[in-house]
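Structure file protein_39.txt; described as compact mmCIF, C-alpha atoms.
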```txt
# COMPACT_ATOMS: atom_id res chain seq x y z
CA MET U 12 -43.50 1.41 -25.87
CA GLY U 13 -43.04 -0.89 -22.92
CA ALA U 14 -39.45 0.19 -22.47
CA TRP U 15 -40.56 3.81 -22.42
CA THR U 16 -43.04 3.30 -19.61
CA VAL U 17 -40.44 1.42 -17.62
CA LEU U 18 -38.12 4.35 -18.08
CA GLN U 19 -40.86 6.75 -16.99
CA GLU U 20 -41.50 4.63 -13.96
CA ARG U 21 -37.85 4.67 -13.05
CA GLN U 22 -37.77 8.41 -13.35
CA ALA U 23 -40.83 8.84 -11.23
CA MET U 24 -39.07 9.45 -7.99
CA LEU U 25 -38.68 12.94 -6.70
CA LEU U 26 -35.83 13.80 -4.38
CA ASP U 27 -36.02 16.67 -1.98
CA PRO U 28 -33.84 19.57 -3.20
CA ALA U 29 -32.69 19.96 0.39
CA ILE U 30 -30.85 16.64 0.01
CA ARG U 31 -28.96 18.11 -2.90
CA ASP U 32 -28.10 21.30 -1.06
CA TRP U 33 -27.20 19.75 2.27
CA VAL U 34 -25.75 16.35 1.35
CA LEU U 35 -24.70 15.96 -2.26
CA ILE U 36 -22.77 19.18 -2.68
CA PRO U 37 -21.36 19.39 0.88
CA ILE U 38 -19.87 15.89 0.66
CA MET U 39 -18.06 16.83 -2.50
CA ILE U 40 -16.77 20.11 -1.13
CA VAL U 41 -15.63 18.48 2.11
CA MET U 42 -13.76 15.79 0.24
CA VAL U 43 -11.98 18.32 -1.95
CA LEU U 44 -11.02 20.43 1.07
CA VAL U 45 -9.85 17.41 3.07
CA GLY U 46 -7.70 16.35 0.13
CA VAL U 47 -6.09 19.78 -0.05
CA VAL U 48 -5.47 19.89 3.71
CA ARG U 49 -4.00 16.42 3.62
CA HIS U 50 -1.64 17.40 0.86
CA GLN U 51 -0.44 20.41 2.83
CA VAL U 52 -0.03 18.41 6.04
CA THR U 53 1.96 15.74 4.23
CA VAL U 54 4.25 18.38 2.77
CA LEU U 55 4.67 19.81 6.27
CA LEU U 56 5.40 16.44 7.85
CA ASN U 57 7.90 15.42 5.25
CA GLY U 58 9.88 18.61 5.68
CA THR U 59 13.21 18.69 4.00
CA PRO U 60 14.43 15.27 2.95
CA LYS U 61 17.07 13.87 5.23
CA LYS U 62 20.58 14.01 3.88
CA ALA U 63 22.24 10.67 3.49
CA ASP U 64 25.71 10.51 4.96
CA LEU U 65 28.68 10.26 2.68
CA LYS U 66 29.35 6.58 3.04
CA SER U 67 25.84 5.37 2.33
CA ALA U 68 25.50 7.75 -0.59
CA ARG U 69 28.70 6.33 -2.00
CA GLU U 70 27.33 2.83 -1.52
CA THR U 71 24.19 3.45 -3.57
CA LYS U 72 26.01 5.51 -6.20
CA ALA U 73 28.49 2.69 -6.76
CA LEU U 74 25.60 0.36 -7.50
CA GLN U 75 24.09 2.92 -9.85
CA ARG U 76 27.40 3.27 -11.60
CA GLY U 77 27.42 -0.43 -12.34
CA ALA U 78 23.90 -0.28 -13.72
CA ILE U 79 24.71 2.74 -15.88
CA LEU U 80 27.75 1.03 -17.28
CA ARG U 81 25.66 -1.96 -18.21
CA ALA U 82 22.97 0.17 -19.83
CA TYR U 83 25.03 2.68 -21.76
CA GLY U 84 28.20 0.71 -22.32
CA THR U 85 27.68 0.93 -26.06
CA HIS U 86 28.79 4.54 -26.00
CA LEU U 87 32.23 3.60 -24.73
CA PRO U 88 34.98 2.15 -26.85
CA GLU U 89 35.90 -1.41 -26.06
CA HIS U 90 39.01 -0.71 -24.01
CA ALA U 91 37.34 1.92 -21.86
CA PHE U 92 34.41 -0.36 -21.21
CA GLN U 93 36.63 -3.23 -20.22
CA ALA U 94 38.68 -1.04 -17.89
CA ARG U 95 35.59 0.16 -16.08
CA LYS U 96 34.17 -3.32 -15.93
CA VAL U 97 37.26 -4.78 -14.36
CA TYR U 98 37.65 -1.89 -11.96
CA LEU U 99 34.04 -2.01 -10.77
CA SER U 100 33.96 -5.79 -10.48
CA GLU U 101 37.03 -5.70 -8.34
CA ALA U 102 35.67 -2.92 -6.16
CA PHE U 103 32.38 -4.76 -5.73
CA GLU U 104 34.11 -7.96 -4.82
CA LYS U 105 36.44 -6.37 -2.30
CA GLY U 106 33.68 -4.18 -0.90
CA THR U 107 35.60 -0.95 -1.38
CA TYR U 108 32.39 1.06 -1.45
CA LEU U 109 30.65 -0.66 1.43
CA LYS U 110 29.40 1.64 4.15
CA ASP U 111 30.74 -0.69 6.77
CA PRO U 112 33.29 -3.07 5.30
CA ASN U 113 33.43 -5.20 8.43
CA ALA U 114 29.69 -5.69 8.76
CA GLY U 115 29.83 -9.20 7.39
CA SER U 116 32.11 -10.46 10.14
CA LYS U 117 30.12 -8.96 13.00
CA PRO U 118 27.15 -10.85 14.37
CA LYS U 119 23.85 -9.25 13.38
CA GLN U 120 22.50 -6.98 16.05
CA ASN U 121 18.83 -6.57 16.71
CA VAL U 122 17.38 -4.17 14.13
CA MET U 123 15.02 -2.62 16.67
CA GLN U 124 18.01 -1.19 18.50
CA ASP U 125 19.31 0.57 15.43
CA PRO U 126 18.09 4.17 15.85
CA ALA U 127 18.16 4.93 12.12
CA TYR U 128 15.93 1.97 11.38
CA VAL U 129 13.44 2.87 14.08
CA GLU U 130 13.29 6.41 12.81
CA THR U 131 12.51 5.42 9.23
CA MET U 132 9.88 3.04 10.52
CA MET U 133 8.22 5.77 12.57
CA ASP U 134 8.25 8.03 9.54
CA GLY U 135 6.46 5.43 7.48
CA MET U 136 3.92 4.86 10.22
CA LYS U 137 3.23 8.58 10.43
CA LYS U 138 2.64 8.81 6.70
CA ASN U 139 0.39 5.79 6.71
CA MET U 140 -1.67 7.23 9.52
CA MET U 141 -1.98 10.50 7.60
CA ASN U 142 -3.42 8.56 4.73
CA ILE U 143 -5.83 6.40 6.63
CA ILE U 144 -7.28 8.67 9.28
CA PRO U 145 -8.98 11.29 7.08
CA GLN U 146 -10.68 8.67 4.92
CA THR U 147 -11.91 6.74 7.93
CA VAL U 148 -13.24 9.91 9.53
CA ILE U 149 -15.09 11.02 6.40
CA MET U 150 -16.56 7.58 5.89
CA GLY U 151 -17.74 7.49 9.50
CA TRP U 152 -19.20 10.97 9.15
CA ILE U 153 -21.15 10.01 6.06
CA ASN U 154 -22.31 6.75 7.54
CA PHE U 155 -23.46 8.44 10.71
CA PHE U 156 -25.31 11.44 9.32
CA PHE U 157 -26.32 10.61 5.79
CA SER U 158 -27.38 6.98 5.74
CA GLY U 159 -30.85 5.68 5.13
CA PHE U 160 -31.95 7.72 2.13
CA VAL U 161 -31.43 7.84 -1.59
CA LEU U 162 -29.02 10.52 -2.64
CA ILE U 163 -28.62 10.36 -6.39
CA LYS U 164 -29.31 8.32 -9.48
CA LEU U 165 -26.39 6.95 -11.43
CA PRO U 166 -26.75 7.54 -15.15
CA PHE U 167 -25.64 4.02 -15.96
CA PRO U 168 -27.01 0.65 -14.92
CA LEU U 169 -25.29 -1.74 -12.56
CA THR U 170 -25.91 -5.37 -11.89
CA ILE U 171 -28.05 -6.48 -8.98
CA ARG U 172 -24.97 -7.62 -7.12
CA PHE U 173 -24.07 -4.03 -6.27
CA LYS U 174 -27.41 -3.44 -4.60
CA SER U 175 -26.42 -4.43 -1.08
CA MET U 176 -23.28 -2.32 -1.30
CA LEU U 177 -24.65 0.80 -2.94
CA GLN U 178 -28.01 0.92 -1.19
CA ARG U 179 -26.87 0.07 2.29
CA GLY U 180 -29.35 1.23 4.89
CA ILE U 181 -32.23 1.66 2.47
CA GLU U 182 -33.65 -1.90 2.41
CA THR U 183 -36.06 -1.49 -0.48
CA ASN U 184 -36.22 -4.68 -2.45
CA ASP U 185 -37.72 -3.44 -5.70
CA MET U 186 -35.87 -0.20 -6.16
CA ASP U 187 -33.59 0.03 -9.15
CA VAL U 188 -29.87 -0.36 -8.45
CA THR U 189 -29.10 2.97 -10.07
CA TRP U 190 -30.57 4.86 -7.13
CA VAL U 191 -27.75 4.94 -4.66
CA SER U 192 -27.04 6.15 -1.16
CA SER U 193 -24.51 8.68 0.05
CA LEU U 194 -21.81 6.09 0.67
CA SER U 195 -21.66 5.37 -3.05
CA TRP U 196 -21.39 9.08 -3.72
CA TYR U 197 -18.44 9.03 -1.33
CA PHE U 198 -16.73 6.30 -3.29
CA LEU U 199 -17.38 8.06 -6.58
CA ASN U 200 -15.74 11.13 -5.13
CA LEU U 201 -12.86 9.17 -3.71
CA PHE U 202 -11.83 7.93 -7.11
CA GLY U 203 -13.13 10.70 -9.32
CA LEU U 204 -11.54 13.61 -7.49
CA GLN U 205 -8.05 12.44 -8.41
CA SER U 206 -8.05 14.60 -11.50
CA VAL U 207 -9.41 17.56 -9.59
CA PHE U 208 -6.51 17.24 -7.18
CA THR U 209 -4.12 17.00 -10.09
CA LEU U 210 -5.53 20.26 -11.38
CA ILE U 211 -5.46 22.04 -8.02
CA LEU U 212 -2.28 20.70 -6.46
CA GLY U 213 -0.22 19.75 -9.46
CA SER U 214 0.78 16.19 -10.14
CA GLY U 215 2.61 14.14 -7.57
CA HIS U 216 0.20 15.42 -4.94
CA ALA U 217 -0.28 13.60 -1.66
CA ALA U 218 -4.06 13.37 -1.79
CA ASP U 219 -4.08 10.11 -3.60
CA ALA U 220 -6.81 7.59 -2.93
CA MET U 221 -4.96 4.77 -4.60
CA ARG U 222 -2.17 5.20 -2.11
CA ASP U 223 -4.69 5.06 0.71
CA MET U 224 -5.78 1.67 -0.45
CA GLN U 225 -2.20 0.52 -0.52
CA ALA U 226 -1.57 1.99 2.89
CA MET U 227 -4.56 0.14 4.31
CA SER U 228 -3.40 -3.16 2.90
CA THR U 229 0.17 -2.84 4.08
CA MET U 230 -0.76 -1.34 7.43
CA GLY U 231 0.90 -2.95 10.40
CA MET U 232 3.81 -4.22 8.42
CA GLY U 233 5.72 -1.05 9.16
CA ALA U 234 6.07 -0.47 5.48
CA ALA U 235 8.89 2.00 5.76
CA ALA U 236 10.52 1.53 2.45
CA GLY U 237 13.83 3.21 3.01
CA PRO U 238 16.49 2.73 0.39
CA GLN U 239 18.17 -0.08 2.22
CA MET U 240 15.16 -1.88 3.60
CA GLY U 241 14.10 -5.08 1.98
CA PRO U 242 10.46 -6.02 1.57
CA THR U 243 10.54 -7.68 4.94
CA GLY U 244 11.73 -4.50 6.64
CA GLN U 245 15.12 -5.97 7.44
CA PRO U 246 18.12 -4.00 6.35
CA GLN U 247 19.62 -5.71 3.36
CA ASP U 248 23.04 -7.14 3.12
CA MET U 249 24.79 -4.76 0.78
CA GLN U 250 27.69 -7.14 0.34
CA LYS U 251 25.36 -9.59 -1.35
CA ILE U 252 23.85 -6.93 -3.57
CA PHE U 253 27.29 -5.82 -4.64
CA LEU U 254 28.25 -9.37 -5.51
CA GLY U 255 25.07 -9.70 -7.56
CA GLU U 256 25.84 -6.52 -9.43
CA LYS U 257 29.34 -7.78 -10.08
CA GLU U 258 27.93 -10.92 -11.60
CA ASN U 259 25.61 -8.86 -13.79
CA LEU U 260 28.53 -6.78 -14.96
CA GLU U 261 30.54 -9.80 -15.86
CA LEU U 262 27.70 -11.17 -17.92
CA THR U 263 27.47 -7.97 -19.91
CA GLU U 264 29.18 -8.14 -23.24
CA HIS U 265 30.46 -5.05 -24.87
CA GLU U 266 29.05 -3.86 -28.12
CA TRP U 267 30.60 -0.76 -29.57
CA GLY U 268 27.98 1.74 -30.66
CA LEU U 269 29.88 2.90 -33.74
CA ASP U 270 30.40 -0.62 -34.93
CA ASN U 271 29.23 -0.95 -38.50
CA VAL U 272 27.74 2.50 -38.27
CA GLU U 273 28.23 3.44 -41.91
CA THR U 274 26.21 0.47 -43.11
CA ARG U 275 23.45 1.24 -40.64
CA LEU U 276 23.31 4.81 -41.87
CA LEU U 277 23.00 3.71 -45.47
CA VAL U 278 20.28 1.25 -44.52
CA LYS U 279 18.45 3.93 -42.59
CA TYR U 280 18.26 6.21 -45.59
CA GLY U 281 17.35 3.39 -47.92
CA LYS U 282 20.58 3.18 -49.89
CA LYS U 283 21.12 -0.42 -48.95
CA PRO U 284 18.65 -3.23 -48.31
CA ARG U 285 17.84 -4.13 -44.71
CA SER U 286 19.12 -7.66 -45.24
CA VAL U 287 22.71 -6.37 -45.18
CA LEU U 288 22.43 -5.81 -41.44
CA VAL U 289 21.12 -9.29 -40.81
CA ASP U 290 23.98 -10.80 -42.77
CA TYR U 291 26.43 -8.71 -40.81
CA LYS U 292 24.99 -9.92 -37.51
CA LYS U 293 25.27 -13.53 -38.58
CA SER U 294 28.87 -13.21 -39.68
CA LYS U 295 29.71 -11.41 -36.47
CA ALA U 296 28.21 -14.15 -34.35
CA LEU U 297 30.27 -16.71 -36.22
CA ALA U 298 33.43 -14.71 -35.73
CA ALA U 299 32.68 -14.29 -32.03
CA ALA U 300 32.27 -18.03 -31.60
CA ALA U 301 35.55 -18.68 -33.36
CA SER U 302 37.55 -16.13 -31.39
CA SER U 303 36.08 -16.87 -27.98
CA ALA U 304 39.01 -19.11 -27.17
CA SER U 305 41.61 -16.40 -27.68
CA HIS U 306 39.35 -13.70 -26.26
CA ALA U 307 40.60 -13.74 -22.70
CA SER U 308 44.20 -12.87 -23.49
CA SER U 309 43.38 -9.99 -25.82
CA GLN U 310 41.00 -8.58 -23.26
CA ALA U 311 43.70 -8.39 -20.64
CA ALA U 312 45.96 -6.55 -23.08
CA ALA U 313 43.28 -4.01 -23.82
CA ILE U 314 42.80 -3.24 -20.16
CA THR U 315 46.40 -2.45 -19.44
CA ALA U 316 46.51 -0.17 -22.44
CA SER U 317 43.66 1.99 -21.24
CA ALA U 318 43.39 2.47 -17.53
CA ALA U 319 41.61 5.81 -17.71
CA ALA U 320 40.06 6.36 -21.09
CA GLY U 321 37.65 9.25 -21.13
CA GLY U 322 34.50 9.95 -23.05
CA SER U 323 31.43 8.75 -21.29
CA GLY U 324 28.31 8.28 -23.35
CA ARG U 325 26.31 11.44 -23.52
CA LYS U 326 22.59 11.51 -23.80
CA LYS U 327 21.09 13.34 -26.67
CA GLY U 328 18.23 15.47 -25.49
CA LYS U 329 14.86 15.15 -27.03
CA ARG U 330 12.62 18.08 -27.18
CA GLN U 331 10.06 19.01 -24.61
CA ALA U 332 6.40 19.39 -25.42
CA MET X 30 23.27 -12.55 -22.25
CA SER X 31 21.86 -11.19 -19.04
CA ALA X 32 18.18 -11.23 -18.32
CA GLN X 33 17.86 -7.45 -18.24
CA GLN X 34 18.25 -6.63 -21.90
CA ILE X 35 18.30 -2.88 -22.16
CA ASN X 36 17.00 -1.10 -25.20
CA PRO X 37 19.81 1.11 -26.55
CA ASP X 38 17.27 3.64 -27.81
CA ASP X 39 16.45 4.48 -24.20
CA ALA X 40 19.60 6.55 -24.12
CA LEU X 41 18.02 8.90 -26.62
CA TYR X 42 15.38 10.07 -24.16
CA VAL X 43 15.94 12.34 -21.19
CA ASP X 44 13.92 11.04 -18.27
CA MET X 45 13.11 14.50 -17.02
CA PHE X 46 11.53 15.54 -20.29
CA ILE X 47 9.63 12.29 -20.62
CA ALA X 48 8.21 12.80 -17.14
CA LYS X 49 7.28 16.39 -17.97
CA ASN X 50 5.56 15.32 -21.16
CA SER X 51 3.48 12.67 -19.48
CA GLN X 52 2.63 15.18 -16.76
CA THR X 53 1.34 17.53 -19.42
CA MET X 54 -0.68 14.66 -20.87
CA THR X 55 -2.18 13.86 -17.48
CA PHE X 56 -3.10 17.48 -16.96
CA ILE X 57 -4.82 17.76 -20.33
CA ARG X 58 -6.60 14.46 -19.91
CA SER X 59 -7.88 15.13 -16.41
CA SER X 60 -9.30 18.54 -17.17
CA TYR X 61 -10.75 17.28 -20.39
CA SER X 62 -12.44 14.26 -18.83
CA ALA X 63 -13.98 16.42 -16.12
CA ILE X 64 -15.33 18.83 -18.71
CA LEU X 65 -16.55 15.95 -20.83
CA GLY X 66 -18.38 14.60 -17.78
CA LEU X 67 -20.06 17.95 -17.22
CA ALA X 68 -21.16 17.97 -20.85
CA ALA X 69 -22.52 14.44 -20.69
CA GLY X 70 -24.44 15.18 -17.50
CA THR X 71 -25.93 18.33 -18.94
CA LEU X 72 -27.00 16.51 -22.08
CA GLY X 73 -28.62 13.85 -19.92
CA LEU X 74 -26.87 10.92 -21.51
CA THR X 75 -27.53 7.59 -19.86
CA ASN X 76 -26.26 4.05 -20.03
CA LEU X 77 -24.11 3.06 -22.95
CA SER X 78 -24.41 6.38 -24.77
CA GLY X 79 -22.54 8.08 -21.95
CA PHE X 80 -19.60 5.71 -22.21
CA ILE X 81 -19.57 5.94 -25.99
CA PHE X 82 -19.56 9.71 -25.61
CA TYR X 83 -16.52 9.47 -23.35
CA PHE X 84 -14.53 7.22 -25.62
CA LEU X 85 -15.38 9.22 -28.72
CA GLY X 86 -14.47 12.39 -26.87
CA SER X 87 -11.13 11.06 -25.74
CA ALA X 88 -10.37 9.72 -29.18
CA PHE X 89 -11.01 13.22 -30.48
CA LEU X 90 -8.68 14.62 -27.81
CA SER X 91 -6.02 12.09 -28.75
CA VAL X 92 -6.19 13.22 -32.34
CA LEU X 93 -5.91 16.84 -31.23
CA ILE X 94 -2.84 16.08 -29.12
CA PHE X 95 -1.37 14.03 -31.92
CA VAL X 96 -1.83 16.77 -34.49
CA LEU X 97 -1.39 19.96 -32.49
CA LYS X 98 0.97 19.07 -29.65
CA THR X 99 3.21 16.41 -31.12
CA LYS X 100 3.01 17.64 -34.71
CA ALA X 101 2.24 14.09 -35.85
CA SER X 102 5.54 12.68 -34.60
CA PRO X 103 4.87 11.38 -31.08
CA ALA X 104 8.08 9.35 -31.02
CA LEU X 105 9.90 12.59 -30.28
CA TYR X 106 8.06 13.03 -27.03
CA PHE X 107 7.22 9.57 -25.72
CA ARG X 108 9.02 6.29 -25.38
CA GLN X 109 6.01 4.49 -26.80
CA PRO X 110 4.53 6.55 -29.60
CA LEU X 111 1.11 5.00 -29.03
CA ASP X 112 1.01 6.43 -25.51
CA VAL X 113 -0.51 9.53 -27.03
CA PHE X 114 -3.68 7.57 -27.67
CA THR X 115 -3.87 5.43 -24.56
CA GLU X 116 -2.23 7.17 -21.64
CA GLY X 117 -4.66 8.35 -18.99
CA VAL X 118 -7.80 7.33 -20.84
CA LEU X 119 -8.94 4.83 -18.23
CA GLY X 120 -7.71 7.02 -15.38
CA GLY X 121 -9.89 9.85 -16.63
CA LEU X 122 -12.91 7.58 -16.73
CA PHE X 123 -13.41 7.88 -12.97
CA SER X 124 -13.56 11.63 -12.94
CA TYR X 125 -15.76 11.53 -16.02
CA ILE X 126 -18.22 9.30 -14.17
CA LEU X 127 -18.12 11.57 -11.12
CA PHE X 128 -18.97 14.74 -13.00
CA TRP X 129 -21.41 12.97 -15.27
CA THR X 130 -23.29 11.68 -12.24
CA LEU X 131 -23.15 15.04 -10.50
CA LEU X 132 -24.57 17.08 -13.36
CA TYR X 133 -27.03 14.37 -14.37
CA GLY X 134 -28.28 14.28 -10.81
CA ILE X 135 -28.55 18.01 -10.39
CA ILE X 136 -30.22 18.68 -13.71
CA HIS X 137 -32.27 15.57 -14.48
CA VAL X 138 -33.02 13.95 -11.13
CA TYR X 139 -33.56 16.94 -8.85
CA ASP X 140 -35.77 19.16 -10.94
```
Translate the structure described by the file into C-alpha cells.
Amino acid sequence: MGAWTVLQERQAMLLDPAIRDWVLIPIMIVMVLVGVVRHQVTVLLNGTPKKADLKSARETKALQRGAILRAYGTHLPEHAFQARKVYLSEAFEKGTYLKDPNAGSKPKQNVMQDPAYVETMMDGMKKNMMNIIPQTVIMGWINFFFSGFVLIKLPFPLTIRFKSMLQRGIETNDMDVTWVSSLSWYFLNLFGLQSVFTLILGSGHAADAMRDMQAMSTMGMGAAAGPQMGPTGQPQDMQKIFLGEKENLELTEHEWGLDNVETRLLVKYGKKPRSVLVDYKKSKALAAAASSASHASSQAAAITASAAAGGSGRKKGKRQA
Amino acid sequence: MSAQQINPDDALYVDMFIAKNSQTMTFIRSSYSAILGLAAGTLGLTNLSGFIFYFLGSAFLSVLIFVLKTKASPALYFRQPLDVFTEGVLGGLFSYILFWTLLYGIIHVYD
C-alpha cells in the first residue's frame, strides 16, 4: 500500500499542456529538420568525389593486390601463387608502383606547403564544422529559451547521480530524478532520432550524432583522414608500407584449395569420420617439416615453369535477402 | 604463419550483399523499435516492465526474421549466423526509449 501512495505522490504533478505544445514537440521537430538539412548540406559540400590520379591509384591498388593474394591464394594452384608472390615481392622491393620513386632520396619538404595536403585538411575541417555547429546551436537555443522548468517524466528510474545533469536549472532538492528538463529531452532526441534518420534518409546518412561526438573529440587535430595520411596527419612513407606488405607476402604459405578435396567432401556428407582430416593434417605437417630443406630449390623450378598462369579465384555469390 | 590469419570461408560471401543484408536488418530493427516504443508509451509501461517489453519484442522480431526472411538458414545471409538475433538490438534501444518517453509523456503525464 505504501508503494502505491508513493507512486500516486510521484504522479501528482501537473504540467501545463502549453509546455507540451510549445516545447516538447517543437524540439523534436526542429531536431529532425536540422538533421535532414545537415544531411543535404553534407551531400552538397562533398560534391563528386575527387578523382585520384593514375599514379596514386596504382600505388594503392598494388597494395590491395598483395592483400588479395594473401587472402585468396588458396584458389590458385601452387605455381601460379608462387609466380605472383615473387613478382609482387620484387615490385614492392624495387618500388615499381611507387607514385614518386625518388621520394626517399629527397629531403622531406614541409607538409604545409603541399597543396594537396592542405586541401584535404581544409575538407576535413569543413566537414567537422558542419557536424559541430548545428548541435552547438540547438543546444544553445534550448538552454537559452527552455531552461528552468520540468518538461517530461521519464518512464524509468535513474540514480540520484543524474539529478544535477538532467534537472539543470530547476534546483529542487526533493523532486524525483525521473522528472527532467528540456536539455535531457534534447539528449534523448540526439541519440534516439538515429533510427528516424535511417528511415527518412536511408542508411549511411550524414546526420549521425555518434560522428558528432567523434568530431568534437578529434577537433583541432585536423583529422583529415585521406588515404595516405597517417594518424598524425603526416603523409606516410609508402616505401615503408610496401616493404611491410612484401614481408607479409613472404610469410604467407601457399595452401592449395583443392588439396585433399575428395576426402573433405566425403567427410562433409558423413561418409567418412571427421578424424580422417585431423590425421591428414598431422601427416602433412610432418611431411612439410621433412621437405623444408629441399623446398627452396623446387620452388624456384615451379616459378620458371609458370610465369603467367591464369585462373584467379572467383567468389561464389551468396544470395541476397 | 602471419598474424593476420584469414578465414577461407570469407571468400564465399560477397561484401556488397552482406552490406545490403545488414542494411535491411537495420531498417527493420529501427522501424520496429520505434513502433515498439510507441506501443510501450501508449500502454503506460514504466520501469523494468518497459525494458522487458523491449527485449521480448525484439526477441520476437528476431524469430520472425529468422523464420520468414532467412528461412531458418541465416548462414546464407550473414557472416555470423547469430547476427540475426543480436545485430541492432542495442542500437534500437535508444529510439525505443525516445518514443516510449514521448508517448508516455503525452498520454500519461500531460492529461
Which residues are close to Ile136 of chain X, i.e. within 10 Å by only C-alpha atoms, leaving aside same-chain residues fewer than 6 positions away? Reply as a ChimeraX atom specification. /X:70-73,130
Have a look at X:Ser124, X:Val96, X:Leu77, X:Ile135 and name the one nearest to chain U; count all atoms listed in the file.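 Using all atoms listed in the file, the shortest distance to chain U belongs to X:Ser124.
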Show me, as number ranges by chain, every residue of chain X with an atom at most 6 Å from chain U, counting only C-alpha atoms. X: 31, 40-43, 46, 50, 59, 75-76, 123-124, 127, 130, 134, 139
Best match for closeness to Leu131 of chain X among X:Leu93, X:Leu105, X:Leu67, X:Leu74, counting only C-alpha atoms: X:Leu67
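Excluding Arg179 of chain U and any residue on its chain fewer than 2 positions from it, the residues at most 10 Å away by all atoms listed in the file are Asn154, Ser158, Gly159, Phe160, Val161, Phe173, Lys174, Ser175, Met176, Leu177, Ile181, Glu182, Thr183, Val191, Ser192, Ser193, Leu194 and Ser195 of chain U.
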Output as AutoDock Vina command-line options the centre and edge lengths (Å, one decimal) of the box along x, y and z of the file that holds every listed atom of segment 95-100 of chain X after adding 4 Å on each side.
```
--center_x 0.7 --center_y 17.0 --center_z -32.2 --size_x 13.0 --size_y 13.9 --size_z 13.1
```
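Of the listed residues U:Trp267, U:Pro284, U:Arg76, U:Met133, the one whose atoms come nearest to Glu89 of chain U is U:Trp267, with distances taken using all atoms listed in the file.
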Quick one: pull the distance between atom CA of Tyr197 of chain U and atom CA of Ser62 of chain X, Å, one decimal.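 Calculated distance between atom CA of Tyr197 of chain U and atom CA of Ser62 of chain X is 19.2 Å.
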For a test of reading the model, state the distance in Å between atom CA of Ala63 of chain X and atom CA of Leu122 of chain X, rounded to one decimal. 8.9 Å
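With atom CA of Tyr108 of chain U on one side and atom CA of Ala73 of chain U on the other, the separation reads 6.8 Å.
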Using all atoms listed in the file - which residues lie no farther than 9 Å from the point (-10.7, 3.9, -29.7) in the file's frame? Write them as a list in words.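 So the residues meeting the distance criterion are Phe84, Leu85, Ser87, Ala88, Phe114 and Thr115 of chain X.
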Residues as selected, C-alpha atoms, written as a PDB file, in the coordinates of the input, can you do that?
```pdb
ATOM      1  CA  PHE X  84     -14.530   7.220 -25.620  1.00  0.00           C
ATOM      2  CA  LEU X  85     -15.380   9.220 -28.720  1.00  0.00           C
ATOM      3  CA  SER X  87     -11.130  11.060 -25.740  1.00  0.00           C
ATOM      4  CA  ALA X  88     -10.370   9.720 -29.180  1.00  0.00           C
ATOM      5  CA  PHE X 114      -3.680   7.570 -27.670  1.00  0.00           C
ATOM      6  CA  THR X 115      -3.870   5.430 -24.560  1.00  0.00           C
TER       7      THR X 115
END
```
